[in-house]
Structure formats: structure tokens, C-alpha cells
Amino acid sequence: MKHFRSAITPAAQKMPGRYGGRHTVTALAGDGIGPEMMEHVKGIFALAHVPVDFEELNLNSSNIKQGENDLQEAITSIQRNGVALKGNVETKFDDPAFKSRNMELRKQLDLRANVLHCSTVPTVPSRHTGINIIMIRENTEGEYSGQEHTCVPGVVESLKIVTRERIEWISHFAFDYALRHGRKKITAVHKANIQKLGDGLFLKVVNDVSKLYPQIKCDSMIVDNASMQLVAKPQQFDIMLMPNLYGNIISNIACGLVGGPGLVSGVNIGNDYAVFETGTRNTGSSLIGKDIANPTSFLRASVDMLKYLGLSEHADMISDAIFRTLTERMVHTPDIGGKHKTSDMIRSVRDYLQEEMDLRK
Ligand code: ATP
């Protein structure tokens, strides 16, 4: 069960939203299946007597026309509480002026790192066994600068902006993570053969920082080869350290390899705040109300959050219940080849939790 447990480190600082032994966290259900998943989390937390209260806010695509207030309210709430659990907010493609609220939130809260733990789960069908990779992605800059314009009709300039300061930060973050979690190797993913300055800087800074951590092996791989290696021989990777866009794509490939969007959780983290969400950041709009979405990724995001809050016992109890549901009872939703409903899975998680709590009485 251990490898399935959350690999999140408890926050170093005291959480601002902690009063009388209870934590207040911001809950942003978002669009699609987010609200349903949030209800499941709340039910499971209540059953497990988790000392967490949710400050629930609406941040979704239907209230966009009301202006930016809801985004600002969400940001203020997270600044107050330090932590959020979040569903994805749909981003419309058709309006070039419209900025992704997911991205705005990450930028304004300076959530510089995105971390995913992709590991194969026994009984969940996948092409490989033995995958156990930590994906660390720079989360705020690069191609996500939002700086694009049409120079003359038919010619668009789209700026990829990277800074030494953020590359240094994410490199230290990755090496510190490796030390804390007993990881042995970091592979920096880049395209420095073509993007000589931008990715060249990334590669140089990662290499420079690696010299401060002689215990951790550091190598590098060009992003196209990394994609091929990942699907062919994923077991060779331990931690992958990536700039923003490559990190997005490679993380999704890795999630796909271990079972898809319903399984893996992710965290966006900076110096001050942490926002927990699903690894692939999907909305799953076509699954709304059908009782077929896989709740694992959202539940695991909530478990990561508990770990971060220092509530390890609750976190482990819930993740063990999820793991046993997937592996002992084989309760599998259609996305991972099963016929079970979301509600079957939730019922089983609750049964295992109740069993464990009765044992502890
Ligand atoms: P859709 O509205 O069809 O869900 P989309 O293009 O917005 O489509 P995403 O939300 O990005 O899709 O999700 C990508 C795919 O992953 C979709 O096929 C979606 O149904 C599936 N998916 C997302 N989340 C889950 C989940 N929790 N369980 C099962 N499948 C999921």
C-alpha cells in the first residue's frame, strides 16, 4: 500500500487557516465533475472525522461574465487559508482575450511548482509495470507567459519567457524533494538543441544546481526522446524536471501510462500556498451526473492536502481505503476498464474506512 500513499511533505510553516486544532481550507469545485467530486470528498472527510472545514467558493466558467471578482475572492481566500482543494475551471478557446483562470490563480499565488506522482497501481490495466515517477514542472512561465500578438495579419508572435531565478527555484525544489523522499536521480527535460537560449538556460541552471547535491544523480534528455523513452521504458525515470509546457505534455503522457485522468493527483505549490487538484486538470464535462467518473484522482488530491496539513493519519487511512477498493475489491470505473459506478467506489472506500475506524476504537 505504501507506494500509493501520498508523497507530499507536510508544510514547513504553520498553516494560517488553523484554529482550535481544525483547519480551514478553500474549496473550489470548478466545472464539470468537480462539484460531484467535492461532495464525495466532504462525505469521506466527515466519516473519517477529518478536522478540516471547507470555505466553499464558486470559481467556474459560468460566472465569468460577472467579472473578475470571483477570481479575486478565491485568491484572497487561499491567501487567508494557505491551502485549497480545486476542481478544474474550463477555459474557452474562442476568445483570445480570455485568460485561463486556472493559470491566473497559479500566477497570482505564485505557485511555481506542479508535482505529480505517477505510479502503476496493481490491478489497474496499464502497458507497463513498475512505473514510479515524480513529475516536477515549472508552473508559471515559459510558453504560459500569455504574451502573444499578431504582428501583421498572418504573423503571430508568441513569447516564451524564462528566468534564471525561477529555474533556480524549481531546481532546488526538485533536488530537495529528491533528498527528502529518498529519490536517486533527476532527469532534466529540454529542447536546448533548438531553443538554445531559453532551454539552454534551463539546462545550464539545472546542471549548476545539481553540483550542490552530489548525492543525487542528474542527467538530461531532449523532450522528443524523453517522450519516446517514457512510453517505451518508463521504469528508467525517477524524477523528471521540466519547464512548463513540456511538463504539461509529459505529465499527461505519464498519467495516461498509469491509468488516465481519473487516477493521479497533483499539487501546485509555491513558497506560501498550495493548491491541490487532479493531475491532468480535466473538467470531465461529458461525465456530469452519469455516476461513471473515476473519483480516485480527486480523492487523492484531498489526501495530498491532508498530508500537507500534517494530518498523516487521516491521509493514510483514506488512501489505504482507496487502494484496497481498487486492488482487493477491484471496484473499477469504465475509464480503467471496469463496469462499476462512481457511487460503488465511494461506497467501498467508506466501508474500508469504517472498518479501519472500528478496529481503532
Ligand atoms: P469532456 O467534456 O468530454 O469530458 P474535455 O475535452 O473537456 O471533454 P477533459 O475534461 O479534458 O475533456 O477530459 C479528457 C478525457 O478524460 C475525457 O474523455 C473525459 O471524459 C476523461 N476524464 C476526465 N476526468 C475523468 C475522470 N475523473 N474519470 C474518468 N474519465 C475522466
# chains A, B, ... in the order shown; residues from 1 in each chain; ligands from 1

call {"tool": "residues_near_ligand", "arguments": {"ligand": "ligand 1", "cutoff": "9 Å", "atoms": "only C-alpha atoms and all ligand atoms", "output": "ChimeraX atom specification"}}
result
/A:32-34,37,88,90,260-263,278,280-288,292-298,333-336,342

call {"tool": "residues_around", "arguments": {"residues": "Thr91 in chain A", "least_positions_apart": "4", "cutoff": "10 Å", "atoms": "only C-alpha atoms", "output": "PyMOL selection string"}}
result
chain A and resi 31+60-61+95+98-103+283

call {"tool": "select_by_dssp", "arguments": {"residues": "range 85-318 of chain A", "states": "strand (DSSP E or B)", "output": "JSON, numbers by chain"}}
result
{"A": [85, 86, 113, 114, 115, 116, 117, 118, 119, 132, 133, 134, 135, 136, 137, 138, 142, 148, 149, 150, 151, 152, 155, 156, 157, 158, 161, 185, 186, 187, 188, 189, 190, 217, 218, 219, 220, 221, 222, 239, 240, 241, 242, 265, 266, 267, 268, 269, 274, 275, 276, 277, 278]}

call {"tool": "residues_around", "arguments": {"residues": "Ala27 in chain A", "least_positions_apart": "5", "cutoff": "6 Å", "atoms": "only C-alpha atoms", "output": "ChimeraX atom specification"}}
result
/A:54-56,84-85

call {"tool": "closest_residue", "arguments": {"among": "A:Val223, A:Val264, A:Met357, A:Met38", "to": "Asp199 in chain A", "atoms": "only C-alpha atoms"}}
result
A:Val223

call {"tool": "residues_around", "arguments": {"residues": "Leu309 in chain A", "least_positions_apart": "3", "cutoff": "12 Å", "atoms": "only C-alpha atoms", "output": "JSON, numbers by chain"}}
result
{"A": [8, 9, 10, 11, 12, 13, 14, 15, 16, 17, 18, 21, 22, 23, 24, 25, 50, 51, 52, 81, 82, 83, 84, 273, 274, 275, 276, 302, 303, 304, 305, 306, 312, 313, 314, 315]}

call {"tool": "closest_residue", "arguments": {"among": "A:Leu159, A:Ala29, A:Leu71, A:Leu197", "to": "Leu109 in chain A", "atoms": "only C-alpha atoms"}}
result
A:Leu71

call {"tool": "closest_residue", "arguments": {"among": "A:Leu201, A:Leu241, A:Ile249, A:Ile131", "to": "Ala188 in chain A", "atoms": "only C-alpha atoms"}}
result
A:Leu241

call {"tool": "atom_distance", "arguments": {"atom1": "CA of Asn225 in chain A", "atom2": "CA of His190 in chain A"}}
result
9.9 Å

call {"tool": "select_by_dssp", "arguments": {"residues": "range 171-324 of chain A", "states": "alpha helix (DSSP H)", "output": "number ranges by chain"}}
result
A: 171-180, 198-210, 223-232, 244-258, 296-308, 312-324
